[in-house]
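Below is entry-v4.cif, holding mmCIF, C-alpha atoms.
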data_structure
loop_
_atom_site.group_PDB
_atom_site.id
_atom_site.type_symbol
_atom_site.label_atom_id
_atom_site.label_comp_id
_atom_site.auth_asym_id
_atom_site.auth_seq_id
_atom_site.Cartn_x
_atom_site.Cartn_y
_atom_site.Cartn_z
ATOM 1 C CA MET A 1 100.396 82.376 6.831
ATOM 2 C CA ASP A 2 98.965 81.312 10.211
ATOM 3 C CA LEU A 3 95.405 80.143 10.548
ATOM 4 C CA SER A 4 93.055 82.309 12.578
ATOM 5 C CA LEU A 5 89.615 81.081 13.626
ATOM 6 C CA THR A 6 86.848 83.436 14.680
ATOM 7 C CA GLU A 7 83.748 81.943 16.223
ATOM 8 C CA ARG A 8 80.224 83.321 16.011
ATOM 9 C CA THR A 9 76.782 81.776 16.176
ATOM 10 C CA LYS A 10 73.751 82.215 13.979
ATOM 11 C CA GLU A 11 70.447 80.760 15.108
ATOM 12 C CA GLY A 12 72.332 78.499 17.493
ATOM 13 C CA ILE A 13 74.670 77.110 14.843
ATOM 14 C CA VAL A 14 78.380 77.729 15.338
ATOM 15 C CA ILE A 15 80.137 79.338 12.391
ATOM 16 C CA LEU A 16 83.925 79.318 12.367
ATOM 17 C CA ASP A 17 85.419 81.958 10.088
ATOM 18 C CA ALA A 18 88.833 80.703 9.057
ATOM 19 C CA LYS A 19 91.540 82.924 7.654
ATOM 20 C CA GLY A 20 94.946 81.814 6.396
ATOM 21 C CA GLN A 21 96.120 78.355 5.461
ATOM 22 C CA ILE A 22 95.129 74.938 6.788
ATOM 23 C CA VAL A 23 98.395 73.096 6.501
ATOM 24 C CA ALA A 24 100.561 70.540 8.326
ATOM 25 C CA GLY A 25 101.509 71.579 11.814
ATOM 26 C CA ASP A 26 99.889 74.424 13.625
ATOM 27 C CA GLY A 27 97.049 75.258 11.211
ATOM 28 C CA ALA A 28 95.645 71.737 10.803
ATOM 29 C CA ASP A 29 96.042 70.952 14.505
ATOM 30 C CA ARG A 30 94.483 74.252 15.568
ATOM 31 C CA LEU A 31 91.404 73.631 13.436
ATOM 32 C CA ARG A 32 90.978 70.069 14.689
ATOM 33 C CA GLU A 33 91.449 71.054 18.322
ATOM 34 C CA ARG A 34 88.998 73.952 18.004
ATOM 35 C CA LEU A 35 86.300 71.748 16.508
ATOM 36 C CA LYS A 36 86.965 69.115 19.150
ATOM 37 C CA ALA A 37 86.595 71.724 21.903
ATOM 38 C CA LEU A 38 83.317 72.876 20.370
ATOM 39 C CA ALA A 39 82.017 69.309 20.286
ATOM 40 C CA GLU A 40 83.021 68.755 23.902
ATOM 41 C CA ALA A 41 81.150 71.927 24.815
ATOM 42 C CA GLY A 42 78.051 70.494 23.145
ATOM 43 C CA SER A 43 78.253 72.214 19.744
ATOM 44 C CA THR A 44 78.360 69.195 17.454
ATOM 45 C CA ASN A 45 76.945 71.025 14.441
ATOM 46 C CA ALA A 46 79.277 73.532 12.865
ATOM 47 C CA ILE A 47 79.876 75.475 9.673
ATOM 48 C CA LEU A 48 83.409 76.222 8.557
ATOM 49 C CA ASN A 49 83.659 79.368 6.472
ATOM 50 C CA LEU A 50 86.617 78.959 4.131
ATOM 51 C CA ALA A 51 86.204 82.203 2.178
ATOM 52 C CA HIS A 52 89.583 83.458 3.356
ATOM 53 C CA VAL A 53 91.467 80.169 3.284
ATOM 54 C CA ASP A 54 93.677 80.215 0.230
ATOM 55 C CA TYR A 55 95.483 76.914 0.733
ATOM 56 C CA ILE A 56 94.705 73.523 2.256
ATOM 57 C CA ASP A 57 97.313 70.758 2.116
ATOM 58 C CA SER A 58 96.859 67.022 2.697
ATOM 59 C CA SER A 59 97.223 67.387 6.478
ATOM 60 C CA GLY A 60 94.612 70.123 6.394
ATOM 61 C CA LEU A 61 92.272 67.805 4.511
ATOM 62 C CA GLY A 62 93.064 65.092 7.053
ATOM 63 C CA ALA A 63 92.153 67.460 9.880
ATOM 64 C CA LEU A 64 88.854 68.281 8.153
ATOM 65 C CA VAL A 65 88.009 64.606 7.655
ATOM 66 C CA MET A 66 88.968 63.708 11.213
ATOM 67 C CA SER A 67 86.866 66.535 12.645
ATOM 68 C CA PHE A 68 83.967 65.555 10.426
ATOM 69 C CA SER A 69 84.218 61.908 11.542
ATOM 70 C CA ALA A 70 84.473 62.894 15.212
ATOM 71 C CA LEU A 71 81.391 65.135 14.950
ATOM 72 C CA ARG A 72 79.431 62.447 13.098
ATOM 73 C CA LYS A 73 80.213 60.004 15.920
ATOM 74 C CA LYS A 74 78.549 62.512 18.244
ATOM 75 C CA GLU A 75 75.570 62.721 15.865
ATOM 76 C CA GLY A 76 76.591 66.146 14.609
ATOM 77 C CA THR A 77 78.233 67.305 11.415
ATOM 78 C CA LEU A 78 80.571 69.816 9.824
ATOM 79 C CA LYS A 79 79.520 71.733 6.697
ATOM 80 C CA LEU A 80 81.711 73.860 4.478
ATOM 81 C CA LEU A 81 80.935 77.380 3.306
ATOM 82 C CA ASN A 82 82.409 79.675 0.645
ATOM 83 C CA LEU A 83 85.164 77.537 -0.821
ATOM 84 C CA THR A 84 87.586 79.239 -3.169
ATOM 85 C CA ARG A 85 87.893 77.898 -6.702
ATOM 86 C CA ARG A 86 91.084 76.085 -5.771
ATOM 87 C CA ASN A 87 89.522 74.488 -2.709
ATOM 88 C CA VAL A 88 86.500 73.323 -4.715
ATOM 89 C CA GLU A 89 88.873 71.631 -7.150
ATOM 90 C CA LEU A 90 90.787 70.078 -4.254
ATOM 91 C CA LEU A 91 87.588 68.662 -2.825
ATOM 92 C CA VAL A 92 86.623 67.190 -6.197
ATOM 93 C CA LEU A 93 90.103 65.791 -6.823
ATOM 94 C CA THR A 94 90.078 63.989 -3.481
ATOM 95 C CA LYS A 95 86.427 62.919 -3.885
ATOM 96 C CA LEU A 96 85.593 64.657 -0.618
ATOM 97 C CA GLU A 97 82.764 66.565 -2.265
ATOM 98 C CA THR A 98 80.771 63.391 -1.657
ATOM 99 C CA VAL A 99 81.542 63.597 2.068
ATOM 100 C CA PHE A 100 81.011 67.248 2.923
ATOM 101 C CA GLU A 101 77.929 69.349 2.320
ATOM 102 C CA VAL A 102 79.115 72.530 0.618
ATOM 103 C CA PHE A 103 77.362 75.905 0.471
ATOM 104 C CA ASP A 104 78.116 79.288 -1.028
ATOM 105 C CA ASP A 105 75.346 81.028 0.882
ATOM 106 C CA GLU A 106 75.570 81.351 4.652
ATOM 107 C CA GLN A 107 71.854 81.402 5.343
ATOM 108 C CA SER A 108 71.369 78.234 3.304
ATOM 109 C CA ALA A 109 74.142 76.550 5.304
ATOM 110 C CA VAL A 110 72.365 77.505 8.531
ATOM 111 C CA ASN A 111 68.967 76.492 7.118
ATOM 112 C CA SER A 112 70.322 73.046 6.288
ATOM 113 C CA PHE A 113 70.399 72.249 10.011
ATOM 114 C CA PHE A 114 66.674 72.868 10.328
ATOM 115 C CA PRO A 115 63.840 70.832 8.843
ATOM 116 C CA ASN A 116 61.445 72.382 6.331
ATOM 117 C CA ARG A 117 63.629 75.331 5.452
ATOM 118 C CA GLU A 118 64.643 76.360 1.984
ATOM 119 C CA ILE A 119 68.176 75.285 1.126
ATOM 120 C CA LYS A 120 70.264 76.324 -1.833
ATOM 121 C CA ARG A 121 73.181 73.911 -2.085
ATOM 122 C CA PHE A 122 76.336 74.781 -3.917
ATOM 123 C CA ASP A 123 76.276 73.010 -7.264
ATOM 124 C CA ILE A 124 79.825 71.742 -7.668
ATOM 125 C CA LEU A 125 79.180 70.131 -11.048
ATOM 126 C CA SER A 126 77.779 73.360 -12.448
ATOM 127 C CA PHE A 127 80.687 75.294 -10.959
ATOM 128 C CA LEU A 128 83.190 73.019 -12.654
ATOM 129 C CA GLN A 129 81.364 73.205 -15.986
ATOM 130 C CA GLN A 130 81.324 77.012 -15.804
ATOM 131 C CA ARG A 131 84.973 76.968 -14.848
ATOM 132 C CA LYS A 132 85.725 74.875 -17.922
ATOM 133 C CA LYS A 133 83.913 77.408 -20.084
ATOM 134 C CA GLY A 134 85.867 80.212 -18.429
ATOM 135 C CA THR A 135 82.838 81.911 -16.914
ATOM 136 C CA VAL A 136 83.994 81.565 -13.289
ATOM 137 C CA GLU A 137 86.389 84.115 -11.863
ATOM 138 C CA GLU A 138 89.780 82.914 -10.660
ATOM 139 C CA MET B 1 112.043 51.541 5.015
ATOM 140 C CA ILE B 2 114.283 49.012 6.557
ATOM 141 C CA GLY B 3 113.616 46.050 4.239
ATOM 142 C CA VAL B 4 112.107 42.571 4.152
ATOM 143 C CA GLY B 5 114.419 39.960 5.693
ATOM 144 C CA LYS B 6 116.168 42.495 7.907
ATOM 145 C CA ALA B 7 116.046 42.507 11.698
ATOM 146 C CA ALA B 8 113.412 44.858 13.061
ATOM 147 C CA PRO B 9 114.774 47.421 15.525
ATOM 148 C CA VAL B 10 113.390 46.391 18.899
ATOM 149 C CA PHE B 11 111.081 48.672 20.806
ATOM 150 C CA ALA B 12 108.274 48.080 23.298
ATOM 151 C CA PRO B 13 105.666 46.352 21.060
ATOM 152 C CA LEU B 14 108.232 43.756 19.921
ATOM 153 C CA GLU B 15 109.308 42.509 23.333
ATOM 154 C CA ASN B 16 108.651 38.801 24.015
ATOM 155 C CA LEU B 17 107.017 38.122 20.642
ATOM 156 C CA THR B 18 105.367 34.721 20.262
ATOM 157 C CA ALA B 19 103.396 35.510 17.094
ATOM 158 C CA PRO B 20 103.814 37.912 14.178
ATOM 159 C CA VAL B 21 102.894 41.529 14.832
ATOM 160 C CA LEU B 22 102.076 44.179 12.261
ATOM 161 C CA LEU B 23 103.535 47.599 13.042
ATOM 162 C CA ALA B 24 101.573 50.399 11.372
ATOM 163 C CA PHE B 25 103.181 53.845 11.597
ATOM 164 C CA PHE B 26 100.842 56.783 11.070
ATOM 165 C CA LYS B 27 100.014 60.419 11.614
ATOM 166 C CA ILE B 28 96.532 61.434 12.664
ATOM 167 C CA ASN B 29 96.074 64.124 9.983
ATOM 168 C CA CYS B 30 97.317 61.875 7.170
ATOM 169 C CA PRO B 31 94.388 61.164 4.800
ATOM 170 C CA THR B 32 95.957 57.932 3.560
ATOM 171 C CA CYS B 33 96.297 56.711 7.152
ATOM 172 C CA GLN B 34 92.644 57.602 7.698
ATOM 173 C CA LEU B 35 91.774 55.461 4.691
ATOM 174 C CA THR B 36 94.029 52.548 5.698
ATOM 175 C CA PHE B 37 93.398 52.113 9.410
ATOM 176 C CA PRO B 38 89.720 51.123 9.310
ATOM 177 C CA TYR B 39 90.758 48.300 6.933
ATOM 178 C CA LEU B 40 93.504 47.280 9.350
ATOM 179 C CA GLN B 41 90.892 47.138 12.120
ATOM 180 C CA ARG B 42 88.783 44.958 9.864
ATOM 181 C CA LEU B 43 91.789 42.684 9.329
ATOM 182 C CA VAL B 44 92.062 42.218 13.098
ATOM 183 C CA ASP B 45 88.308 41.701 13.442
ATOM 184 C CA ARG B 46 88.362 38.983 10.782
ATOM 185 C CA GLY B 47 91.125 37.009 12.431
ATOM 186 C CA GLY B 48 94.261 38.667 11.102
ATOM 187 C CA PRO B 49 97.454 39.376 13.018
ATOM 188 C CA ARG B 50 97.950 41.442 16.111
ATOM 189 C CA ILE B 51 98.394 45.031 14.963
ATOM 190 C CA VAL B 52 100.109 47.854 16.805
ATOM 191 C CA GLY B 53 99.541 51.389 15.549
ATOM 192 C CA VAL B 54 102.625 53.545 16.031
ATOM 193 C CA SER B 55 101.482 57.152 16.244
ATOM 194 C CA GLN B 56 103.702 60.091 15.438
ATOM 195 C CA ASP B 57 101.327 62.360 17.362
ATOM 196 C CA ASP B 58 100.451 62.877 21.012
ATOM 197 C CA ALA B 59 98.209 60.682 23.160
ATOM 198 C CA GLU B 60 95.182 62.971 22.951
ATOM 199 C CA GLY B 61 95.252 63.267 19.156
ATOM 200 C CA THR B 62 95.901 59.539 18.821
ATOM 201 C CA ALA B 63 92.878 58.702 20.973
ATOM 202 C CA GLU B 64 90.791 61.111 18.898
ATOM 203 C CA PHE B 65 91.959 59.421 15.691
ATOM 204 C CA ALA B 66 91.100 55.981 17.081
ATOM 205 C CA GLU B 67 87.625 57.083 18.077
ATOM 206 C CA ALA B 68 86.901 58.934 14.834
ATOM 207 C CA PHE B 69 87.918 56.014 12.622
ATOM 208 C CA GLY B 70 86.777 53.133 14.810
ATOM 209 C CA VAL B 71 90.244 51.783 15.511
ATOM 210 C CA ARG B 72 90.435 49.589 18.593
ATOM 211 C CA PHE B 73 93.772 47.834 18.244
ATOM 212 C CA GLU B 74 96.751 48.715 20.417
ATOM 213 C CA MET B 75 98.454 52.061 19.897
ATOM 214 C CA VAL B 76 101.875 53.251 21.015
ATOM 215 C CA LEU B 77 103.347 56.728 20.680
ATOM 216 C CA ASP B 78 106.394 57.725 18.696
ATOM 217 C CA ALA B 79 106.017 61.457 19.130
ATOM 218 C CA GLY B 80 109.804 61.955 19.173
ATOM 219 C CA TYR B 81 110.134 59.884 15.953
ATOM 220 C CA ALA B 82 112.809 57.617 17.520
ATOM 221 C CA ALA B 83 111.231 54.399 16.214
ATOM 222 C CA SER B 84 110.301 56.057 12.910
ATOM 223 C CA ARG B 85 113.944 56.987 12.397
ATOM 224 C CA ASP B 86 115.175 53.513 13.394
ATOM 225 C CA TYR B 87 112.833 52.001 10.784
ATOM 226 C CA GLY B 88 113.963 54.472 8.113
ATOM 227 C CA LEU B 89 110.468 55.749 7.445
ATOM 228 C CA GLU B 90 109.895 58.094 4.531
ATOM 229 C CA TYR B 91 106.109 58.091 4.381
ATOM 230 C CA VAL B 92 103.090 57.281 6.474
ATOM 231 C CA PRO B 93 101.375 54.970 6.604
ATOM 232 C CA SER B 94 104.249 52.493 6.666
ATOM 233 C CA MET B 95 103.572 48.954 7.754
ATOM 234 C CA MET B 96 105.811 46.007 8.449
ATOM 235 C CA LEU B 97 105.109 42.502 9.696
ATOM 236 C CA VAL B 98 107.609 41.360 12.297
ATOM 237 C CA GLU B 99 108.007 37.625 12.903
ATOM 238 C CA PRO B 100 108.685 36.120 16.345
ATOM 239 C CA ASP B 101 112.366 35.763 15.353
ATOM 240 C CA GLY B 102 112.511 39.540 14.963
ATOM 241 C CA ARG B 103 112.766 39.625 11.168
ATOM 242 C CA ILE B 104 110.548 41.641 8.865
ATOM 243 C CA SER B 105 108.595 39.324 6.540
ATOM 244 C CA TRP B 106 106.334 41.841 4.779
ATOM 245 C CA GLN B 107 106.200 45.583 4.388
ATOM 246 C CA SER B 108 104.256 48.221 2.553
ATOM 247 C CA GLU B 109 103.926 51.967 2.518
ATOM 248 C CA ALA B 110 101.121 54.285 1.422
ATOM 249 C CA PHE B 111 97.857 52.492 0.554
ATOM 250 C CA ARG B 112 98.406 49.613 -1.835
ATOM 251 C CA LYS B 113 95.362 47.421 -2.173
ATOM 252 C CA VAL B 114 97.289 44.486 -3.592
ATOM 253 C CA ASP B 115 99.765 44.537 -0.694
ATOM 254 C CA LEU B 116 97.006 44.516 1.904
ATOM 255 C CA GLU B 117 95.218 41.683 0.105
ATOM 256 C CA GLU B 118 98.425 39.674 0.095
ATOM 257 C CA LEU B 119 98.949 40.335 3.798
ATOM 258 C CA ALA B 120 95.384 39.335 4.662
ATOM 259 C CA SER B 121 95.675 36.153 2.595
ATOM 260 C CA ARG B 122 98.408 34.951 4.958
ATOM 261 C CA TRP B 123 95.643 34.596 7.559
ATOM 262 C CA GLY B 124 93.063 33.360 5.077
ATOM 263 C CA VAL B 125 91.209 36.635 5.500
ATOM 264 C CA GLN B 126 89.461 38.756 2.893
ATOM 265 C CA ILE B 127 90.108 42.368 3.803
ATOM 266 C CA PHE B 128 88.058 44.095 1.071
ATOM 267 C CA ASP B 129 84.481 43.218 0.286
ATOM 268 C CA PHE B 130 83.414 42.726 -3.324
ATOM 269 C CA SER B 131 80.840 45.505 -3.180
ATOM 270 C CA GLU B 132 83.362 48.111 -2.008
ATOM 271 C CA ARG B 133 84.975 50.694 -4.228
ATOM 272 C CA VAL B 134 88.500 50.675 -2.915
ATOM 273 C CA PRO B 135 91.310 52.613 -4.629
ATOM 274 C CA ASN B 136 94.198 50.509 -5.900
ATOM 275 C CA TYR B 137 96.712 53.034 -4.669
ATOM 276 C CA LYS B 138 96.812 56.198 -2.654
ATOM 277 C CA PRO B 139 100.145 57.916 -1.938
ATOM 278 C CA GLY B 140 101.264 58.493 1.642
#

Once you've parsed the file, please lay out its structure as structure tokens.
Amino acid sequence: MDLSLTERTKEGIVILDAKGQIVAGDGADRLRERLKALAEAGSTNAILNLAHVDYIDSSGLGALVMSFSALRKKEGTLKLLNLTRRNVELLVLTKLETVFEVFDDEQSAVNSFFPNREIKRFDILSFLQQRKKGTVEE
Amino acid sequence: MIGVGKAAPVFAPLENLTAPVLLAFFKINCPTCQLTFPYLQRLVDRGGPRIVGVSQDDAEGTAEFAEAFGVRFEMVLDAGYAASRDYGLEYVPSMMLVEPDGRISWQSEAFRKVDLEELASRWGVQIFDFSERVPNYKPG
């Protein structure tokens, strides 16, 4: 399934709604190039909404890391929103949960770019513990 | 990969060699390459060999990779995979040290800490710092 990216802004923060798969070839490259174009246009802070991304392969992860590194070099950042259960596990498996800030609430993700605002971060450890107990939906 | 002791297929970075050169084949979206290349840059910075990154992507993506991961050593493009095929690559990153006589004296693929330490020791260089948590192995 191809990757589609829809851009919107909320309080000046770019949110990219991704749909499909972020995999080797077109999907990974499209994501990286889109984030690069945003950075070149001055939007170095972005949120990637992964609610409708059902699969990310190693090239997709590479594209995420490269985009993150490129934005950090420009004093911006990339934050992740609404990961599926599988993508949370992928992030933990690859230790990238220590790199990316992850949210399951859009307003909190936006708030995290502003000082003195209330932020509710996604608790990955709690998610995994609940998953182990079978209280998280597939 | 082609094998230690074998003659390295000649392409641009190997012309008129007077000192060993490390060829490092990579793809920009490869997480293991993203892990490896900053250490290769450190190897150069600490007095290691000349390194040439051989990119399987285009010039724009390659420049973006170099900037994102702080890589400043020379890069050449192998977007058509001609050199990659000649070297019998199966994975990236794949690295081989080519001596001035054109023979391969060391090679490694994926991220193998012990291999990189052995390579660096040839130049009396320590590539990993004691305080770092570096994986022993990461597949390519």

Let me know the residues the PyMOL selection byres ((chain A) within 10 of (chain B)) catches in the file above, as JSON, numbers by chain. {"A": [23, 24, 25, 28, 29, 32, 33, 36, 58, 59, 60, 61, 62, 63, 64, 65, 66, 67, 68, 69, 70, 71, 72, 73, 74, 94]}

Taking (81.6, 73.5, 10.8) in the file's coordinates, which residues come within 6 Å, counting only C-alpha atoms, written as a list in words?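 Those residues lying close to the given coordinates are Ala46, Ile47, Leu48, Leu78 and Lys79 of chain A.
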
Take the point (85.2, 71.6, -3.9) in the file's coordinates, draw a sphere of radius 12 Å around it, and report as a PyMOL selection string every protein, DNA or RNA residue with an atom inside or on it, counting only C-alpha atoms. chain A and resi 50+56+61+80-104+122-128

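Closest approach to Ile2 (chain B) among B:Asp45, B:Glu109, B:Glu118, B:Glu132: B:Glu109, based on all atoms listed in the file.
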
What lies within 8 Å of Ala83 (chain B) using only C-alpha atoms, ignoring chain neighbours under 4 positions off, as a count of residues only? 4

Calculate how many Å separate CA of Gly88 (chain B) from CA of Met1 (chain B), rounding to one decimal. 4.7 Å

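If you look at CA of Val14 (chain A) and CA of Asp105 (chain A), they are 15.1 Å away from each other.
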